[in-house]
>>> print(open('upload-v1.txt').read())   # compact mmCIF, C-alpha atoms and all ligand atoms
# COMPACT_ATOMS: atom_id res chain seq x y z
CA MET A 1 4.79 7.31 16.75
CA SER A 2 1.17 8.30 16.23
CA ASN A 3 0.23 11.03 13.76
CA LEU A 4 -0.69 13.28 16.70
CA GLU A 5 2.91 13.29 17.89
CA LEU A 6 4.42 14.17 14.52
CA PRO A 7 6.54 17.32 14.31
CA ARG A 8 5.02 20.07 12.14
CA ILE A 9 6.68 20.27 8.74
CA LYS A 10 5.85 22.09 5.51
CA PRO A 11 2.89 20.57 3.62
CA LEU A 12 4.03 18.24 0.86
CA LYS A 13 2.47 17.34 -2.48
CA ILE A 14 2.71 13.59 -2.92
CA LEU A 15 1.79 11.28 -5.79
CA LEU A 16 1.40 7.57 -5.02
CA ILE A 17 1.38 5.11 -7.89
CA ALA A 18 0.33 1.49 -8.19
CA PRO A 19 1.98 0.41 -11.47
CA LYS A 20 0.56 -2.33 -13.65
CA GLY A 21 3.00 -4.74 -15.26
CA LYS A 22 2.41 -6.17 -18.74
CA LYS A 23 1.72 -9.65 -17.35
CA ASP A 24 -0.64 -8.51 -14.61
CA SER A 25 -4.04 -10.21 -14.61
CA LYS A 26 -6.81 -8.90 -16.84
CA SER A 27 -9.52 -9.48 -14.19
CA ASN A 28 -12.13 -6.76 -13.77
CA GLN A 29 -12.68 -7.93 -10.19
CA LYS A 30 -9.77 -5.94 -8.84
CA PRO A 31 -10.10 -4.35 -5.42
CA LEU A 32 -10.74 -0.60 -5.56
CA PHE A 33 -7.28 0.32 -4.40
CA ASN A 34 -3.94 -1.21 -3.53
CA MET A 35 -3.62 -1.73 0.24
CA ALA A 36 -0.02 -0.51 0.38
CA VAL A 37 -1.13 2.79 -1.12
CA GLY A 38 -4.16 2.79 1.21
CA VAL A 39 -1.90 2.40 4.24
CA LEU A 40 0.47 5.16 3.10
CA VAL A 41 -2.47 7.55 2.62
CA SER A 42 -3.88 6.61 6.04
CA LEU A 43 -0.50 7.20 7.70
CA THR A 44 0.05 10.63 6.18
CA PRO A 45 -0.87 13.66 8.30
CA PRO A 46 -3.78 15.64 6.81
CA GLU A 47 -1.80 18.77 5.93
CA HIS A 48 -0.09 16.91 3.08
CA HIS A 49 -1.80 16.69 -0.30
CA ILE A 50 -1.98 13.19 -1.82
CA GLU A 51 -3.02 11.93 -5.24
CA ILE A 52 -3.33 8.27 -6.16
CA VAL A 53 -2.79 6.91 -9.64
CA ASP A 54 -3.67 3.25 -10.14
CA GLU A 55 -2.73 1.79 -13.49
CA HIS A 56 -4.90 -1.27 -12.82
CA PHE A 57 -7.85 1.05 -13.44
CA GLY A 58 -6.29 2.78 -16.43
CA ASP A 59 -5.42 6.03 -14.58
CA GLU A 60 -3.08 8.15 -16.71
CA ILE A 61 0.21 9.36 -15.25
CA ASN A 62 1.00 13.06 -15.69
CA TYR A 63 4.79 13.18 -15.80
CA ASP A 64 4.69 16.99 -15.86
CA GLY A 65 2.86 17.24 -12.52
CA LYS A 66 4.74 19.05 -9.74
CA TYR A 67 5.24 16.87 -6.68
CA ASP A 68 7.60 16.94 -3.72
CA PHE A 69 8.00 13.25 -4.44
CA VAL A 70 6.41 10.33 -6.23
CA GLY A 71 6.08 7.06 -4.30
CA ILE A 72 5.73 3.84 -6.26
CA THR A 73 4.72 0.51 -4.77
CA SER A 74 6.06 -2.79 -6.07
CA ARG A 75 5.12 -6.41 -6.31
CA THR A 76 7.33 -8.51 -8.55
CA ILE A 77 4.71 -8.75 -11.29
CA ASP A 78 4.60 -4.93 -11.57
CA ALA A 79 8.20 -4.04 -10.72
CA THR A 80 9.54 -3.55 -14.27
CA ARG A 81 6.72 -1.14 -15.04
CA GLY A 82 7.38 0.60 -11.71
CA TYR A 83 11.01 1.17 -12.75
CA GLU A 84 9.89 2.53 -16.13
CA VAL A 85 7.54 5.03 -14.44
CA ALA A 86 10.28 5.96 -11.96
CA ASP A 87 12.80 6.58 -14.77
CA ASN A 88 10.32 8.83 -16.59
CA PHE A 89 9.73 10.97 -13.50
CA ARG A 90 13.43 11.20 -12.70
CA LYS A 91 14.16 12.41 -16.24
CA LYS A 92 11.82 15.31 -15.41
CA GLY A 93 13.72 15.99 -12.18
CA THR A 94 11.03 14.65 -9.84
CA THR A 95 12.16 12.83 -6.70
CA VAL A 96 11.15 9.16 -6.77
CA MET A 97 10.72 6.80 -3.84
CA LEU A 98 10.30 3.07 -4.40
CA GLY A 99 8.85 0.79 -1.76
CA GLY A 100 6.99 -2.47 -1.35
CA LEU A 101 7.72 -6.16 -1.40
CA HIS A 102 9.77 -6.43 -4.56
CA VAL A 103 12.23 -3.62 -3.98
CA SER A 104 12.59 -4.57 -0.31
CA PHE A 105 14.23 -7.81 -1.41
CA ASN A 106 15.92 -6.41 -4.54
CA THR A 107 17.44 -3.16 -3.35
CA GLU A 108 20.47 -3.20 -5.66
CA GLU A 109 18.27 -3.82 -8.70
CA ALA A 110 16.01 -0.91 -7.72
CA ARG A 111 18.74 1.57 -6.81
CA PRO A 112 19.39 3.00 -10.32
CA HIS A 113 15.68 3.84 -10.63
CA ALA A 114 15.11 5.74 -7.38
CA ASP A 115 16.27 8.62 -5.24
CA CYS A 116 15.11 6.70 -2.21
CA ILE A 117 14.24 3.08 -1.46
CA VAL A 118 12.07 2.03 1.45
CA CYS A 119 12.52 -1.56 2.64
CA GLY A 120 9.91 -3.33 4.73
CA GLU A 121 6.75 -2.08 6.38
CA ALA A 122 6.31 1.69 6.31
CA GLU A 123 4.28 2.37 9.47
CA ASN A 124 7.14 3.29 11.80
CA LEU A 125 9.41 5.02 9.30
CA TRP A 126 6.94 7.11 7.28
CA ALA A 127 6.98 10.12 9.65
CA THR A 128 10.79 10.26 9.38
CA VAL A 129 10.66 9.97 5.59
CA LEU A 130 8.13 12.82 5.28
CA GLU A 131 10.14 15.02 7.62
CA ASP A 132 13.33 14.31 5.67
CA VAL A 133 11.62 15.18 2.36
CA ALA A 134 10.31 18.44 3.83
CA LEU A 135 13.74 19.37 5.19
CA GLY A 136 15.53 18.44 1.94
CA ARG A 137 17.59 15.65 3.51
CA LEU A 138 16.01 12.52 2.04
CA LYS A 139 18.32 9.51 2.42
CA PRO A 140 18.82 6.92 -0.33
CA LEU A 141 17.59 4.09 1.90
CA TYR A 142 15.22 3.60 4.82
CA ASP A 143 14.97 0.11 6.26
CA SER A 144 12.21 -0.88 8.68
CA LYS A 145 14.82 -2.98 10.51
CA ASP A 146 16.33 0.30 11.75
CA PHE A 147 12.99 1.36 13.28
CA PRO A 148 10.81 -0.23 15.99
CA PRO A 149 8.87 -3.28 14.77
CA VAL A 150 5.33 -2.61 13.54
CA THR A 151 3.44 -4.16 16.43
CA GLU A 152 0.22 -2.26 15.70
CA ILE A 153 -1.46 -1.69 12.38
CA ILE A 154 -3.41 1.43 11.64
CA PRO A 155 -7.03 1.74 10.55
CA ILE A 156 -7.55 2.44 6.85
CA ASP A 157 -8.78 5.98 6.12
CA TYR A 158 -11.36 5.25 3.41
CA GLU A 159 -12.59 8.83 3.26
CA ARG A 160 -9.14 10.20 2.44
CA ILE A 161 -8.43 7.41 -0.04
CA ALA A 162 -11.70 8.18 -1.84
CA LYS A 163 -10.68 11.84 -2.07
CA ALA A 164 -7.13 11.07 -3.22
CA SER A 165 -8.10 8.46 -5.80
CA LYS A 166 -10.11 8.67 -8.98
CA ARG A 167 -12.43 5.82 -7.99
CA GLU A 168 -16.17 6.37 -8.11
CA LYS A 169 -18.71 4.58 -5.92
CA VAL A 170 -19.32 0.95 -6.96
CA ASP A 171 -22.05 -1.63 -6.50
CA GLY A 172 -21.54 -5.08 -4.99
CA THR A 173 -19.93 -6.49 -8.12
CA LYS A 174 -16.69 -4.59 -7.41
CA SER A 175 -14.71 -5.23 -4.27
CA ILE A 176 -13.64 -2.82 -1.56
CA PRO A 177 -10.43 -4.00 0.14
CA ILE A 178 -10.23 -4.31 3.92
CA TYR A 179 -7.94 -6.12 6.30
CA VAL A 180 -8.67 -7.60 9.71
CA THR A 181 -5.11 -8.78 10.34
CA ARG A 182 -1.65 -8.30 8.88
CA GLY A 183 1.21 -10.80 8.76
CA CYS A 184 1.43 -14.47 9.58
CA PRO A 185 3.12 -16.23 12.51
CA PHE A 186 4.07 -19.29 10.43
CA GLU A 187 7.18 -19.85 8.38
CA CYS A 188 6.44 -21.79 5.20
CA SER A 189 9.74 -22.06 3.37
CA PHE A 190 8.35 -20.92 0.00
CA CYS A 191 6.55 -17.83 1.31
CA VAL A 192 7.81 -14.26 1.41
CA THR A 193 5.45 -13.10 4.18
CA PRO A 194 7.35 -14.22 7.32
CA ASN A 195 10.59 -12.74 5.97
CA PHE A 196 8.85 -9.48 5.23
CA THR A 197 6.78 -8.98 8.37
CA GLY A 198 9.08 -10.76 10.82
CA LYS A 199 6.32 -13.24 11.66
CA LEU A 200 4.42 -10.48 13.47
CA TYR A 201 0.67 -11.16 13.48
CA ARG A 202 -1.39 -8.05 14.14
CA SER A 203 -5.16 -7.60 14.39
CA GLN A 204 -7.40 -4.60 14.09
CA LYS A 205 -9.71 -3.79 16.96
CA PRO A 206 -13.33 -4.90 16.25
CA GLU A 207 -14.73 -1.42 16.98
CA GLU A 208 -12.20 0.14 14.55
CA LEU A 209 -13.19 -2.36 11.88
CA LYS A 210 -16.85 -1.57 12.37
CA LYS A 211 -16.14 2.12 11.86
CA GLN A 212 -14.08 1.43 8.74
CA ILE A 213 -16.83 -0.72 7.23
CA GLU A 214 -19.38 2.05 7.80
CA ILE A 215 -17.15 4.72 6.25
CA ALA A 216 -16.09 2.49 3.35
CA LYS A 217 -19.76 1.83 2.61
CA LYS A 218 -20.53 5.54 2.72
CA VAL A 219 -17.73 6.65 0.41
CA PHE A 220 -17.37 3.72 -1.99
CA PHE A 221 -20.67 1.83 -2.13
CA LYS A 222 -23.69 2.56 -4.27
CA PRO A 223 -26.44 -0.09 -4.09
CA THR A 224 -28.22 -1.07 -7.29
CA ARG A 225 -31.30 -3.22 -7.83
CA LYS A 226 -29.09 -6.08 -9.02
CA SER A 227 -26.56 -5.75 -6.28
CA SER A 228 -27.69 -4.26 -2.99
CA LYS A 229 -24.86 -5.32 -0.66
CA PRO A 230 -21.23 -4.20 -0.70
CA TRP A 231 -18.48 -6.71 -1.41
CA PHE A 232 -15.51 -6.41 0.89
CA MET A 233 -12.36 -8.26 -0.15
CA LEU A 234 -10.33 -9.42 2.84
CA THR A 235 -6.70 -8.78 2.02
CA ASP A 236 -5.31 -10.62 5.04
CA GLU A 237 -2.30 -12.85 4.63
CA ASN A 238 -3.68 -15.48 6.99
CA LEU A 239 -7.03 -14.88 8.62
CA GLY A 240 -7.39 -18.41 9.97
CA VAL A 241 -4.57 -18.56 12.50
CA SER A 242 -6.66 -19.13 15.61
CA LYS A 243 -8.80 -22.26 15.79
CA LYS A 244 -11.04 -20.68 18.45
CA LYS A 245 -12.05 -17.61 16.44
CA LEU A 246 -11.58 -16.42 12.91
CA TRP A 247 -8.61 -14.20 13.78
C1 LIG B 301 -4.29 -9.05 -0.68
C2 LIG B 301 -3.32 -9.65 -1.66
C3 LIG B 301 -3.68 -9.63 -3.00
C4 LIG B 301 -4.93 -8.91 -3.52
C5 LIG B 301 -4.57 -7.43 -3.71
C6 LIG B 301 -5.54 -6.54 -3.00
C7 LIG B 301 -5.11 -5.08 -3.05
N1 LIG B 301 -5.97 -4.26 -3.49
O1 LIG B 301 -4.01 -4.72 -2.69
C8 LIG B 301 -5.14 -9.62 -4.88
C9 LIG B 301 -6.03 -10.83 -4.70
C10 LIG B 301 -5.70 -8.77 -5.99
C11 LIG B 301 -3.73 -10.11 -5.17
C12 LIG B 301 -3.27 -10.38 -6.43
C13 LIG B 301 -2.01 -10.86 -6.68
N2 LIG B 301 -1.09 -11.27 -5.78
CO1 LIG B 301 -1.27 -10.96 -3.89
N3 LIG B 301 -1.29 -10.75 -2.07
C14 LIG B 301 -2.09 -10.20 -1.21
C15 LIG B 301 -1.56 -10.30 0.24
C16 LIG B 301 -2.21 -11.49 0.94
C17 LIG B 301 -1.69 -9.05 1.07
C18 LIG B 301 -1.17 -7.79 0.38
C19 LIG B 301 -1.50 -6.62 1.22
O2 LIG B 301 -2.52 -5.97 1.02
N4 LIG B 301 -0.66 -6.34 2.21
C20 LIG B 301 -0.83 -5.20 3.10
C21 LIG B 301 -0.01 -4.03 2.53
C22 LIG B 301 -0.27 -2.80 3.39
O3 LIG B 301 1.33 -4.43 2.65
P1 LIG B 301 2.41 -4.13 1.51
O4 LIG B 301 1.83 -4.16 0.17
O5 LIG B 301 3.58 -4.95 1.77
O6 LIG B 301 2.77 -2.59 1.84
C23 LIG B 301 3.58 -2.20 2.97
C24 LIG B 301 5.08 -2.14 2.65
O7 LIG B 301 5.47 -3.00 1.62
C25 LIG B 301 5.35 -0.71 2.32
N5 LIG B 301 5.17 -0.25 0.95
C26 LIG B 301 4.55 -0.82 -0.09
N6 LIG B 301 4.62 -0.05 -1.17
C27 LIG B 301 5.29 1.07 -0.83
C28 LIG B 301 5.62 2.20 -1.57
C29 LIG B 301 6.32 3.22 -0.95
C30 LIG B 301 6.68 4.44 -1.73
C31 LIG B 301 6.69 3.10 0.43
C32 LIG B 301 7.42 4.20 1.09
C33 LIG B 301 6.37 1.96 1.15
C34 LIG B 301 5.66 0.96 0.53
O8 LIG B 301 4.41 -0.01 3.12
C35 LIG B 301 3.20 -0.76 3.28
C36 LIG B 301 2.72 -0.57 4.71
O9 LIG B 301 3.61 -1.13 5.61
C37 LIG B 301 -0.03 -10.55 -0.05
C38 LIG B 301 0.78 -11.16 1.06
C39 LIG B 301 1.84 -10.17 1.54
N7 LIG B 301 2.71 -10.62 2.40
O10 LIG B 301 1.95 -9.05 1.11
C40 LIG B 301 -0.08 -11.31 -1.36
C41 LIG B 301 1.09 -11.14 -2.35
C42 LIG B 301 1.51 -9.70 -2.38
N8 LIG B 301 0.51 -11.48 -3.63
C43 LIG B 301 1.33 -12.11 -4.39
C44 LIG B 301 1.04 -12.46 -5.73
C45 LIG B 301 2.04 -13.39 -6.40
C46 LIG B 301 -0.09 -11.97 -6.38
C47 LIG B 301 -0.46 -12.13 -7.86
C48 LIG B 301 0.73 -11.98 -8.81
C49 LIG B 301 -1.16 -13.46 -8.02
C50 LIG B 301 -1.41 -13.83 -9.51
N9 LIG B 301 -0.67 -14.81 -9.98
O11 LIG B 301 -2.22 -13.18 -10.17
C51 LIG B 301 -1.49 -11.00 -8.06
C52 LIG B 301 -0.78 -9.68 -8.46
C53 LIG B 301 -1.63 -8.49 -8.36
C54 LIG B 301 -0.78 -7.24 -8.24
N10 LIG B 301 -0.73 -6.43 -9.25
O12 LIG B 301 -0.13 -6.97 -7.25
C55 LIG B 301 2.66 -12.36 -3.70
C56 LIG B 301 3.69 -11.36 -4.27
C57 LIG B 301 5.09 -11.88 -4.31
C58 LIG B 301 5.99 -10.86 -4.92
N11 LIG B 301 7.22 -11.24 -5.01
O13 LIG B 301 5.62 -9.77 -5.31
C59 LIG B 301 2.29 -12.16 -2.21
C60 LIG B 301 3.42 -11.61 -1.30
C61 LIG B 301 1.78 -13.52 -1.63
C62 LIG B 301 2.91 -14.47 -1.27
N12 LIG B 301 3.08 -14.78 0.00
O14 LIG B 301 3.61 -14.93 -2.13
N13 LIG B 301 -3.01 -10.19 -4.04
S1 LIG B 302 1.03 -16.68 4.72
FE1 LIG B 302 0.41 -18.79 4.31
S2 LIG B 302 2.08 -19.62 3.04
FE2 LIG B 302 2.88 -17.73 4.01
S3 LIG B 302 3.90 -18.40 5.93
FE3 LIG B 302 1.75 -17.91 6.45
S4 LIG B 302 0.64 -19.90 6.28
FE4 LIG B 302 2.61 -20.11 5.19
>>> encode(input="upload-v1.txt", output="structure tokens")
Amino acid sequence: MSNLELPRIKPLKILLIAPKGKKDSKSNQKPLFNMAVGVLVSLTPPEHHIEIVDEHFGDEINYDGKYDFVGITSRTIDATRGYEVADNFRKKGTTVMLGGLHVSFNTEEARPHADCIVCGEAENLWATVLEDVALGRLKPLYDSKDFPPVTEIIPIDYERIAKASKREKVDGTKSIPIYVTRGCPFECSFCVTPNFTGKLYRSQKPEELKKQIEIAKKVFFKPTRKSSKPWFMLTDENLGVSKKKLW
């Protein structure tokens, strides 16, 4: 369902958090935002207010803030910290939603820390989740398997992410994340990706990408004498699938 077709619901106040686990890397070359959070922001209709807190950049969490819900993303390396943040919010009576790779495969482990768990890709279930929050009927679990497969990926809304996050403009020594494709059609036995995305391989349209690059440059890039070109980090799972072209 596209955003244009969404039913009108009351505007929500949403906080999205990228937690940082104790063992997470110390690199200062981290991309400006987490792509899961970027996708959630881009999917959310404009009437809802969104704030992003990214612990990888040292953003402080205000546990006293008033939100309709707090959404926390998870990769295994950050999951324990994600649970800690979730527990702190729930002690204050704030509704917590956990999503992302780690909790999608560890639902029972995550359950005591959340009011709601989202398994799998969010694109086709997010409208339902927002509507259910607004109508006070949030379910404990939403699984992408119960929704149509995500055959199309959405463009990233850099302008809204810049407004929602605390990130300033950067020069070319700091990376701006972007994806051309999502998923991978292969099935390496050790890899989580095919299990997570159902081997679906999706590409962005070239004209959409061009627009995103222009907007990302406008909102996030500030050239300096030392570094006059932006650095885009490709966050694709597997960009080199086709031998004839790059994607
Ligand atoms: C790009 C990338 C990176 C970039 C991150 C760029 C960025 N700013 O996000 C960099 C290079 C920094 C990186 C680092 C690492 N990565 Co990495 N990375 C990836 C890659 C290739 C793509 C991730 C991505 O952007 N996906 C697109 C987003 C939109 O998808 P998503 O995160 O799954 O989010 C969707 C859903 O999960 C859901 N969702 C997610 N969160 C939430 C939250 C809520 C509330 C809701 C409702 C829904 C929801 O909705 C989103 C939209 O559908 C993945 C491969 C993969 N399959 O994910 C590996 C992957 C995530 N990385 C992995 C690893 C191991 C690492 C490192 C630990 C490596 C290391 N040893 O240092 C670090 C950890 C950094 C960290 N804190 O996460 C593993 C994680 C395995 C696991 N069990 O968690 C993966 C899966 C690779 C693999 N196949 O094994 N990585
Ligand atoms: S993303 Fe890489 S490791 Fe994972 S299934 Fe595809 S080719 Fe294999």
>>> closest_residue(input="upload-v1.txt", among="A:Glu187, A:Glu109, A:Glu121, A:Asp236", to="ligand LIG 302 (chain B)", atoms="all atoms listed in the file")
A:Glu187
>>> closest_residue(input="upload-v1.txt", among="A:Ala122, A:Leu98, A:Leu40, A:Val170", to="A:Pro149", atoms="all atoms listed in the file")
A:Ala122
>>> closest_residue(input="upload-v1.txt", among="A:Lys229, A:Arg202, A:Arg160, A:Phe190", to="A:Ile215", atoms="only C-alpha atoms")
A:Arg160
>>> axis_aligned_box(input="upload-v1.txt", around="ligand LIG 302 (chain B)", padding_each_side="8 Å", output="AutoDock Vina command-line options")
--center_x 2.2 --center_y -18.4 --center_z 4.7 --size_x 19.5 --size_y 19.4 --size_z 19.4
>>> closest_residue(input="upload-v1.txt", among="A:Leu135, A:Ile61, A:Ala127, A:Ile161", to="A:Asn34", atoms="all atoms listed in the file")
A:Ile161
>>> residues_near_point(input="upload-v1.txt", point="(-19.4, 3.1, -2.4)", cutoff="9 Å", atoms="all atoms listed in the file", output="PDB file with C-alpha atoms, in the coordinates of the input")
ATOM      1  CA  GLU A 168     -16.170   6.370  -8.110  1.00  0.00           C
ATOM      2  CA  LYS A 169     -18.710   4.580  -5.920  1.00  0.00           C
ATOM      3  CA  VAL A 170     -19.320   0.950  -6.960  1.00  0.00           C
ATOM      4  CA  ASP A 171     -22.050  -1.630  -6.500  1.00  0.00           C
ATOM      5  CA  GLY A 172     -21.540  -5.080  -4.990  1.00  0.00           C
ATOM      6  CA  ILE A 176     -13.640  -2.820  -1.560  1.00  0.00           C
ATOM      7  CA  ALA A 216     -16.090   2.490   3.350  1.00  0.00           C
ATOM      8  CA  LYS A 217     -19.760   1.830   2.610  1.00  0.00           C
ATOM      9  CA  LYS A 218     -20.530   5.540   2.720  1.00  0.00           C
ATOM     10  CA  VAL A 219     -17.730   6.650   0.410  1.00  0.00           C
ATOM     11  CA  PHE A 220     -17.370   3.720  -1.990  1.00  0.00           C
ATOM     12  CA  PHE A 221     -20.670   1.830  -2.130  1.00  0.00           C
ATOM     13  CA  LYS A 222     -23.690   2.560  -4.270  1.00  0.00           C
ATOM     14  CA  PRO A 223     -26.440  -0.090  -4.090  1.00  0.00           C
ATOM     15  CA  PRO A 230     -21.230  -4.200  -0.700  1.00  0.00           C
TER      16      PRO A 230
END
>>> residues_around(input="upload-v1.txt", residues="stretch 20-23 of chain A", least_positions_apart="3", cutoff="6 Å", atoms="all atoms listed in the file", output="list in words")
Glu55, His56, Ile77, Asp78 and Arg81 of chain A
>>> closest_residue(input="upload-v1.txt", among="A:Lys10, A:Lys199, A:Lys139, A:His102", to="A:Ser74", atoms="only C-alpha atoms")
A:His102
>>> decode(input="upload-v1.txt", residues="stretch 122-160 of chain A", atoms="C-alpha atoms", output="mmCIF file, in the first residue's frame")
data_model
loop_
_atom_site.group_PDB
_atom_site.id
_atom_site.type_symbol
_atom_site.label_atom_id
_atom_site.label_comp_id
_atom_site.auth_asym_id
_atom_site.auth_seq_id
_atom_site.Cartn_x
_atom_site.Cartn_y
_atom_site.Cartn_z
ATOM 1 C CA ALA A 122 8.509 -3.419 7.652
ATOM 2 C CA GLU A 123 7.434 -1.929 4.314
ATOM 3 C CA ASN A 124 4.094 -3.717 3.937
ATOM 4 C CA LEU A 125 3.083 -3.856 7.597
ATOM 5 C CA TRP A 126 4.038 -0.371 8.823
ATOM 6 C CA ALA A 127 0.742 1.288 7.804
ATOM 7 C CA THR A 128 -1.190 -1.342 9.790
ATOM 8 C CA VAL A 129 1.081 -0.915 12.806
ATOM 9 C CA LEU A 130 0.648 2.887 12.820
ATOM 10 C CA GLU A 131 -3.102 2.576 12.453
ATOM 11 C CA ASP A 132 -3.247 0.054 15.300
ATOM 12 C CA VAL A 133 -1.190 2.340 17.570
ATOM 13 C CA ALA A 134 -3.480 5.282 16.767
ATOM 14 C CA LEU A 135 -6.605 3.224 17.467
ATOM 15 C CA GLY A 136 -5.181 1.755 20.697
ATOM 16 C CA ARG A 137 -5.216 -1.839 19.442
ATOM 17 C CA LEU A 138 -1.517 -2.592 18.986
ATOM 18 C CA LYS A 139 -0.901 -6.351 18.762
ATOM 19 C CA PRO A 140 2.037 -8.067 20.481
ATOM 20 C CA LEU A 141 3.390 -9.389 17.177
ATOM 21 C CA TYR A 142 3.396 -8.405 13.514
ATOM 22 C CA ASP A 143 5.106 -10.766 11.107
ATOM 23 C CA SER A 144 5.916 -9.772 7.533
ATOM 24 C CA LYS A 145 4.997 -13.336 6.515
ATOM 25 C CA ASP A 146 1.360 -12.396 7.184
ATOM 26 C CA PHE A 147 1.576 -9.475 4.729
ATOM 27 C CA PRO A 148 2.329 -9.341 0.989
ATOM 28 C CA PRO A 149 6.034 -9.812 0.182
ATOM 29 C CA VAL A 150 8.063 -6.614 -0.179
ATOM 30 C CA THR A 151 8.559 -6.690 -3.935
ATOM 31 C CA GLU A 152 9.335 -2.971 -4.175
ATOM 32 C CA ILE A 153 11.593 -0.900 -1.984
ATOM 33 C CA ILE A 154 10.903 2.715 -1.260
ATOM 34 C CA PRO A 155 13.148 5.714 -1.883
ATOM 35 C CA ILE A 156 14.913 7.079 1.189
ATOM 36 C CA ASP A 157 13.558 10.454 2.355
ATOM 37 C CA TYR A 158 16.825 12.217 3.237
ATOM 38 C CA GLU A 159 15.146 15.535 3.921
ATOM 39 C CA ARG A 160 12.868 14.070 6.592
#
